[in-house]
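Some notes on the structure that comes next.
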Amino acid sequence: MSLSRPPLGERSTLLQMNHVEKTFRGNIVALKDMNLTVNEGDFISLLGPSGCGKSTALRIISGLMQPTAGQIRWTGGQSKDDLGVVFQEPTLMPWARVVDNVWLPFRLRGISYNEVKDEVLQALKLVGLEKFQRAFPRELSGGMKMRVAIARAMVTKPRLILMDEPFAALDEITRHKLNQDLLALREAIGCTVIFVTHSVFESVFLSDRIVVMAARPGRVIRQLEVDAAYPRTEEFRTSAEYAAHCREASDALHQAIGEAA
Amino acid sequence: MSITDTGTETPLVDQEELDRARREKIMRMARWLLPSLVLILSVLAWHLYVTIAEVPHYILPGPGLVAQKMVEDWPLLWPAMVITGRLTLLALLMAVAGGVVLAVAFTQSKWAEMSFFPYAVILQVTPVVAIAPLLQIYIDNAFMAALLCAWIVAFFPILSNTTIGLKSADHNLEDLFSIYGATRWQKLRYLYAPTALPFFLGGLKIAGGLALIGAVVAEFVIGRAGTGLGLASTLLEASYRFNFGRLYAALILISVMGVVIFALMSTISYLALFRWHESALKRE
């Protein structure tokens, strides 16, 4: 079920953030006037230094946090089935086997395992862990745990997957591999992703749009398009095109850090 | 376990590994042999001391006399042990039920916790020996009074451990459950309860021992009224009659009960956790 994504300018809107602000304890501005349009099929990276409000933006989109001002508008309204999430930690239930961890989003909707067995096993197969379905999380490596978390996020085929620095704690080799696999997954299931990262290289490799943010107060300072074609392979990492985009994103990031300092 | 690259199937075991295997074997045997040896030597020393120093049996009976009393008085000791055992297990079961229900109530409702937690603490810190005589006055049935007494001692570790456990859930998992729209019940059932399990089991181990202590204290105080409760009453009565052989027999049986309860709780804990929890994992 491969999905042909329309080009960037012709995608239908999934959600819009309008003048979203978040203030803590009355005077700490975590997020200032954020406007963002997320389209169906987008892979958007939120790139910025720590304290720039990336995670706050993600929490507001996920509904865990209410904005102080502004609003988020989902096309066709929002239901709790719309989201999948991957955190920086794999965040698996240590007492549950891999299959049961992936089944969780369905289970919380009151759907029995037998009804969704195929979906759960399919998701595990997509992340390459079908052989480990009976394992407990402690038996898996860090990268494998993260794959389970990704399988859990996409098993319900949500309209939007939020990823909060999911690969930050992994080693470089595992990280590259997971970057690749994530893109392959996206081709396979056609999901929309918002990906928080502080790595320029990762954001360029993965996304078709990069939202560069600055800190104090947290805000969007630039939006870049990475128009390189998918599927992107390891060769893309060494291409001139990749280097040019990295330079552009890197400059924007330096500007973000410079403005904050 | 490695295979040599010449293709032969003999595992390559070097001297170091042989030594380690031998050491492990000795350690396994020593784990049983050493305590057994200490036991035998102690009993022997006890016997020799009593015989050589001619200690009168109403001061310290020899091991032979204790063994003899154990057999002779078995028709008396066994029913007493059953009573104490029933008292301890019932108190423990009630402590589990009460402790868990209260812990869930406390974590589900801040108001409940704020209102009642201080009183749970007061109940815990007031020495049970001081309450027991009162219970005896207000509750006609001696067994019920003793049960309540043992329960008061045993329930607090379950309550406090389970409460901490229920509050120890991974914050990201809590967020995840919220994002997926989990109900309060679902969070409790699928997140907080499994998180609390290792804490609860830790509390259970302590509560098992405390239930026995509570039962013994209750029998000391309440059984004095001639109601003829279990082992501890038997022990006390034997001391009044200078029947020290029976006293020691009863004491040994109480210890055995304590050991059995601890072993039982440890086994339950291991069976519940060995698949996933760090505390039950063998490390390489």
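Letters A, B, ... mark the chains of the structure tokens in the order given; residue numbers begin at 1 per chain; ligand numbers begin at 1, in order shown.
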Worksheet item: Can you list, as a VMD selection string, every protein, DNA or RNA residue that comes within 10 Å of segment 131-139 of chain B when you count only C-alpha atoms, leaving out same-chain residues fewer than 3 positions away?
Response: chain B and resid 123 126 to 128 142 to 146 148 to 150 152 214 217 to 223 225
Worksheet entry | Shell of 8 Å around Phe195 of chain A, only C-alpha atoms, local chain residues under 2 positions omitted, as a list in words |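 With the cut-off at 8 Å, the set is Phe43, Ile44, Ser45, Leu46, Leu162, Met163, Asp164, Glu165, Val193 and Thr197 of chain A.
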Include N, CA and C atoms and write out the residues we just selected as a compact mmCIF listing (two decimals), in the first residue's frame.
# COMPACT_ATOMS: atom_id res chain seq x y z
N PHE A 43 6.65 15.45 6.25
CA PHE A 43 7.61 15.06 7.29
C PHE A 43 8.28 16.34 7.74
N ILE A 44 7.85 16.85 8.90
CA ILE A 44 8.34 18.15 9.37
C ILE A 44 9.28 17.94 10.54
N SER A 45 10.45 18.58 10.49
CA SER A 45 11.35 18.56 11.65
C SER A 45 11.27 19.89 12.36
N LEU A 46 11.17 19.83 13.68
CA LEU A 46 11.34 21.03 14.49
C LEU A 46 12.79 21.01 14.97
N LEU A 162 3.90 11.95 16.25
CA LEU A 162 4.80 12.92 16.87
C LEU A 162 6.02 12.19 17.41
N MET A 163 7.21 12.70 17.07
CA MET A 163 8.42 12.05 17.56
C MET A 163 9.30 13.08 18.25
N ASP A 164 9.57 12.85 19.53
CA ASP A 164 10.33 13.82 20.32
C ASP A 164 11.76 13.33 20.52
N GLU A 165 12.66 13.75 19.65
CA GLU A 165 14.07 13.32 19.68
C GLU A 165 14.22 11.82 19.90
N VAL A 193 4.44 13.09 9.76
CA VAL A 193 5.31 13.04 10.94
C VAL A 193 5.76 14.44 11.35
N THR A 197 14.13 17.45 16.78
CA THR A 197 15.53 17.03 16.82
C THR A 197 16.41 18.25 17.07
Item to complete: Do a neighbour search on segment 46-59 of chain B at 10 Å with only C-alpha atoms, toss out local chain neighbours closer than 3 positions, and write the hits as a VMD selection string.
Response: chain B and resid 40 to 43 62 to 66 239 241 to 245
N, CA and C atoms of the current selection, written as a JSON list (two decimals), in the first residue's frame:
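Printed below is again_8.json as written:
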[["chain", "number", "residue", "atom", "x", "y", "z"],
["B", 40, "ILE", "N", 24.72, -28.02, 63.55],
["B", 40, "ILE", "CA", 25.11, -29.23, 64.28],
["B", 40, "ILE", "C", 26.07, -28.90, 65.41],
["B", 41, "LEU", "N", 27.05, -28.05, 65.11],
["B", 41, "LEU", "CA", 28.04, -27.67, 66.14],
["B", 41, "LEU", "C", 27.38, -26.92, 67.28],
["B", 42, "SER", "N", 26.44, -26.03, 66.97],
["B", 42, "SER", "CA", 25.77, -25.26, 68.02],
["B", 42, "SER", "C", 24.97, -26.18, 68.93],
["B", 43, "VAL", "N", 24.22, -27.09, 68.32],
["B", 43, "VAL", "CA", 23.41, -28.01, 69.12],
["B", 43, "VAL", "C", 24.32, -28.86, 70.01],
["B", 62, "GLY", "N", 18.39, -29.08, 77.84],
["B", 62, "GLY", "CA", 19.28, -29.54, 76.78],
["B", 62, "GLY", "C", 18.49, -29.83, 75.52],
["B", 63, "PRO", "N", 19.20, -29.93, 74.38],
["B", 63, "PRO", "CA", 18.51, -30.20, 73.11],
["B", 63, "PRO", "C", 17.74, -31.51, 73.12],
["B", 64, "GLY", "N", 18.24, -32.48, 73.88],
["B", 64, "GLY", "CA", 17.56, -33.77, 73.96],
["B", 64, "GLY", "C", 16.18, -33.61, 74.59],
["B", 65, "LEU", "N", 16.13, -32.85, 75.68],
["B", 65, "LEU", "CA", 14.88, -32.64, 76.39],
["B", 65, "LEU", "C", 13.87, -31.89, 75.50],
["B", 66, "VAL", "N", 14.41, -30.89, 74.80],
["B", 66, "VAL", "CA", 13.54, -30.11, 73.91],
["B", 66, "VAL", "C", 12.94, -31.01, 72.83],
["B", 239, "SER", "N", 6.26, -21.12, 80.41],
["B", 239, "SER", "CA", 7.23, -20.40, 81.23],
["B", 239, "SER", "C", 6.71, -20.25, 82.65],
["B", 241, "ARG", "N", 4.95, -22.38, 84.14],
["B", 241, "ARG", "CA", 5.04, -23.71, 84.78],
["B", 241, "ARG", "C", 6.47, -24.23, 84.83],
["B", 242, "PHE", "N", 7.41, -23.39, 84.50],
["B", 242, "PHE", "CA", 8.82, -23.81, 84.44],
["B", 242, "PHE", "C", 9.02, -25.03, 83.56],
["B", 243, "ASN", "N", 8.13, -25.17, 82.56],
["B", 243, "ASN", "CA", 8.25, -26.28, 81.61],
["B", 243, "ASN", "C", 9.08, -25.79, 80.43],
["B", 244, "PHE", "N", 10.40, -25.68, 80.67],
["B", 244, "PHE", "CA", 11.23, -25.03, 79.67],
["B", 244, "PHE", "C", 11.45, -25.87, 78.43],
["B", 245, "GLY", "N", 11.29, -27.15, 78.56],
["B", 245, "GLY", "CA", 11.39, -28.00, 77.36],
["B", 245, "GLY", "C", 10.30, -27.64, 76.38]]
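Here the question is which of B:Leu191, B:Leu87, B:Ala95, B:Ala196 gets nearest to Ile164 of chain B using only C-alpha atoms, and that residue is B:Ala196.
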Worksheet item: segment 23-29 of chain A: which residues within 7 Å, counting only C-alpha atoms, same-chain residues fewer than 2 positions away excluded, as a count of residues only?
Response: 6
Discussion item. So that I can check the surroundings of segment 123-131 of chain A, please list as an MDAnalysis selection string every protein, DNA and RNA residue that reaches within 12 Å of it, counting only C-alpha atoms and ignoring chain neighbours fewer than 2 positions away.
Written reply: chainID A and resid 98:103 116:121 133:135 137 140:141 143:157 177:189
Item to complete: Find the residue from A:Thr91, A:Ser250, A:Gln122, A:Ser199 that sits nearest to Leu176 of chain B; use only C-alpha atoms when measuring.
Response: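 The answer is A:Thr91, which sits nearest to Leu176 of chain B.
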Item to complete: Specify as a PyMOL selection string all residues of chain B found within 10 Å of chain A, counting only C-alpha atoms.
Response: chain B and resi 169-183+186-187+190-191+194-195+197+272-273+275-278
Item to complete: From a DSSP pass on the backbone, collect the residues of segment 110-255 of chain A flagged as alpha helix (DSSP H) and hand them back as a ChimeraX atom specification.
Response: /A:113-126,142-154,172-189,200-206,240-255
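Backbone DSSP over segment 66-102 of chain A yields strand (DSSP E or B) at Ala69, Gly70, Gln71, Ile72, Arg73, Trp74, Leu83, Gly84, Val85 and Val86 of chain A.
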Discussion item. If we count only C-alpha atoms and set the cut-off at 12 Å, which residues sit around Ala120 of chain B, ignoring sequence neighbours fewer than 3 positions away in its own chain? Please answer as a ChimeraX atom specification.
Written reply: /B:98-99,102-103,106,112-117,123-126,152-160
Writer output for current selection, N, CA and C atoms, as a PDB file, in the first residue's frame:
ATOM      1  N   GLY B  98      -6.650  -4.640  52.921  1.00  0.00           N
ATOM      2  CA  GLY B  98      -6.786  -3.287  53.461  1.00  0.00           C
ATOM      3  C   GLY B  98      -5.730  -2.343  52.915  1.00  0.00           C
ATOM      4  N   GLY B  99      -4.468  -2.809  52.913  1.00  0.00           N
ATOM      5  CA  GLY B  99      -3.368  -1.965  52.454  1.00  0.00           C
ATOM      6  C   GLY B  99      -3.527  -1.576  50.995  1.00  0.00           C
ATOM      7  N   LEU B 102      -6.656   0.779  50.479  1.00  0.00           N
ATOM      8  CA  LEU B 102      -6.358   2.132  50.959  1.00  0.00           C
ATOM      9  C   LEU B 102      -5.356   2.837  50.038  1.00  0.00           C
ATOM     10  N   ALA B 103      -4.333   2.088  49.590  1.00  0.00           N
ATOM     11  CA  ALA B 103      -3.322   2.693  48.718  1.00  0.00           C
ATOM     12  C   ALA B 103      -3.972   3.174  47.421  1.00  0.00           C
ATOM     13  N   PHE B 106      -5.958   6.236  48.195  1.00  0.00           N
ATOM     14  CA  PHE B 106      -5.083   7.396  48.423  1.00  0.00           C
ATOM     15  C   PHE B 106      -4.539   7.962  47.121  1.00  0.00           C
ATOM     16  N   ALA B 112      -8.753  11.946  49.834  1.00  0.00           N
ATOM     17  CA  ALA B 112      -8.737  10.790  50.722  1.00  0.00           C
ATOM     18  C   ALA B 112      -7.370  10.685  51.392  1.00  0.00           C
ATOM     19  N   GLU B 113      -6.308  10.891  50.609  1.00  0.00           N
ATOM     20  CA  GLU B 113      -4.965  10.775  51.179  1.00  0.00           C
ATOM     21  C   GLU B 113      -4.742  11.823  52.268  1.00  0.00           C
ATOM     22  N   MET B 114      -5.102  13.071  51.934  1.00  0.00           N
ATOM     23  CA  MET B 114      -4.894  14.140  52.908  1.00  0.00           C
ATOM     24  C   MET B 114      -5.693  13.886  54.180  1.00  0.00           C
ATOM     25  N   SER B 115      -6.903  13.342  54.034  1.00  0.00           N
ATOM     26  CA  SER B 115      -7.763  13.134  55.202  1.00  0.00           C
ATOM     27  C   SER B 115      -7.287  11.994  56.084  1.00  0.00           C
ATOM     28  N   PHE B 116      -6.876  10.879  55.449  1.00  0.00           N
ATOM     29  CA  PHE B 116      -6.692   9.661  56.253  1.00  0.00           C
ATOM     30  C   PHE B 116      -5.256   9.211  56.464  1.00  0.00           C
ATOM     31  N   PHE B 117      -4.317   9.699  55.637  1.00  0.00           N
ATOM     32  CA  PHE B 117      -2.956   9.185  55.766  1.00  0.00           C
ATOM     33  C   PHE B 117      -2.366   9.421  57.163  1.00  0.00           C
ATOM     34  N   LEU B 123      -1.799   4.996  63.599  1.00  0.00           N
ATOM     35  CA  LEU B 123      -2.103   3.594  63.879  1.00  0.00           C
ATOM     36  C   LEU B 123      -0.825   2.756  63.862  1.00  0.00           C
ATOM     37  N   GLN B 124       0.086   3.118  62.952  1.00  0.00           N
ATOM     38  CA  GLN B 124       1.312   2.361  62.793  1.00  0.00           C
ATOM     39  C   GLN B 124       2.300   2.627  63.924  1.00  0.00           C
ATOM     40  N   VAL B 125       2.448   3.915  64.302  1.00  0.00           N
ATOM     41  CA  VAL B 125       3.510   4.246  65.269  1.00  0.00           C
ATOM     42  C   VAL B 125       3.095   3.950  66.710  1.00  0.00           C
ATOM     43  N   THR B 126       1.801   3.803  66.974  1.00  0.00           N
ATOM     44  CA  THR B 126       1.378   3.443  68.324  1.00  0.00           C
ATOM     45  C   THR B 126       1.730   1.979  68.562  1.00  0.00           C
ATOM     46  N   ILE B 152      -3.196  -4.700  62.443  1.00  0.00           N
ATOM     47  CA  ILE B 152      -2.704  -3.325  62.606  1.00  0.00           C
ATOM     48  C   ILE B 152      -1.198  -3.271  62.346  1.00  0.00           C
ATOM     49  N   VAL B 153      -0.480  -4.291  62.808  1.00  0.00           N
ATOM     50  CA  VAL B 153       0.977  -4.291  62.632  1.00  0.00           C
ATOM     51  C   VAL B 153       1.345  -4.561  61.170  1.00  0.00           C
ATOM     52  N   ALA B 154       0.572  -5.447  60.513  1.00  0.00           N
ATOM     53  CA  ALA B 154       1.007  -5.931  59.201  1.00  0.00           C
ATOM     54  C   ALA B 154       0.601  -5.027  58.043  1.00  0.00           C
ATOM     55  N   PHE B 155      -0.455  -4.225  58.226  1.00  0.00           N
ATOM     56  CA  PHE B 155      -0.983  -3.573  57.030  1.00  0.00           C
ATOM     57  C   PHE B 155      -0.166  -2.371  56.559  1.00  0.00           C
ATOM     58  N   PHE B 156       0.560  -1.719  57.492  1.00  0.00           N
ATOM     59  CA  PHE B 156       1.206  -0.474  57.103  1.00  0.00           C
ATOM     60  C   PHE B 156       2.278  -0.614  56.009  1.00  0.00           C
ATOM     61  N   PRO B 157       3.192  -1.597  56.102  1.00  0.00           N
ATOM     62  CA  PRO B 157       4.180  -1.712  55.013  1.00  0.00           C
ATOM     63  C   PRO B 157       3.524  -1.953  53.654  1.00  0.00           C
ATOM     64  N   ILE B 158       2.417  -2.674  53.653  1.00  0.00           N
ATOM     65  CA  ILE B 158       1.718  -2.887  52.381  1.00  0.00           C
ATOM     66  C   ILE B 158       1.151  -1.562  51.885  1.00  0.00           C
ATOM     67  N   LEU B 159       0.515  -0.830  52.785  1.00  0.00           N
ATOM     68  CA  LEU B 159      -0.066   0.457  52.410  1.00  0.00           C
ATOM     69  C   LEU B 159       1.009   1.402  51.884  1.00  0.00           C
ATOM     70  N   SER B 160       2.093   1.551  52.650  1.00  0.00           N
ATOM     71  CA  SER B 160       3.061   2.578  52.278  1.00  0.00           C
ATOM     72  C   SER B 160       3.828   2.164  51.024  1.00  0.00           C
TER      73      SER B 160
END
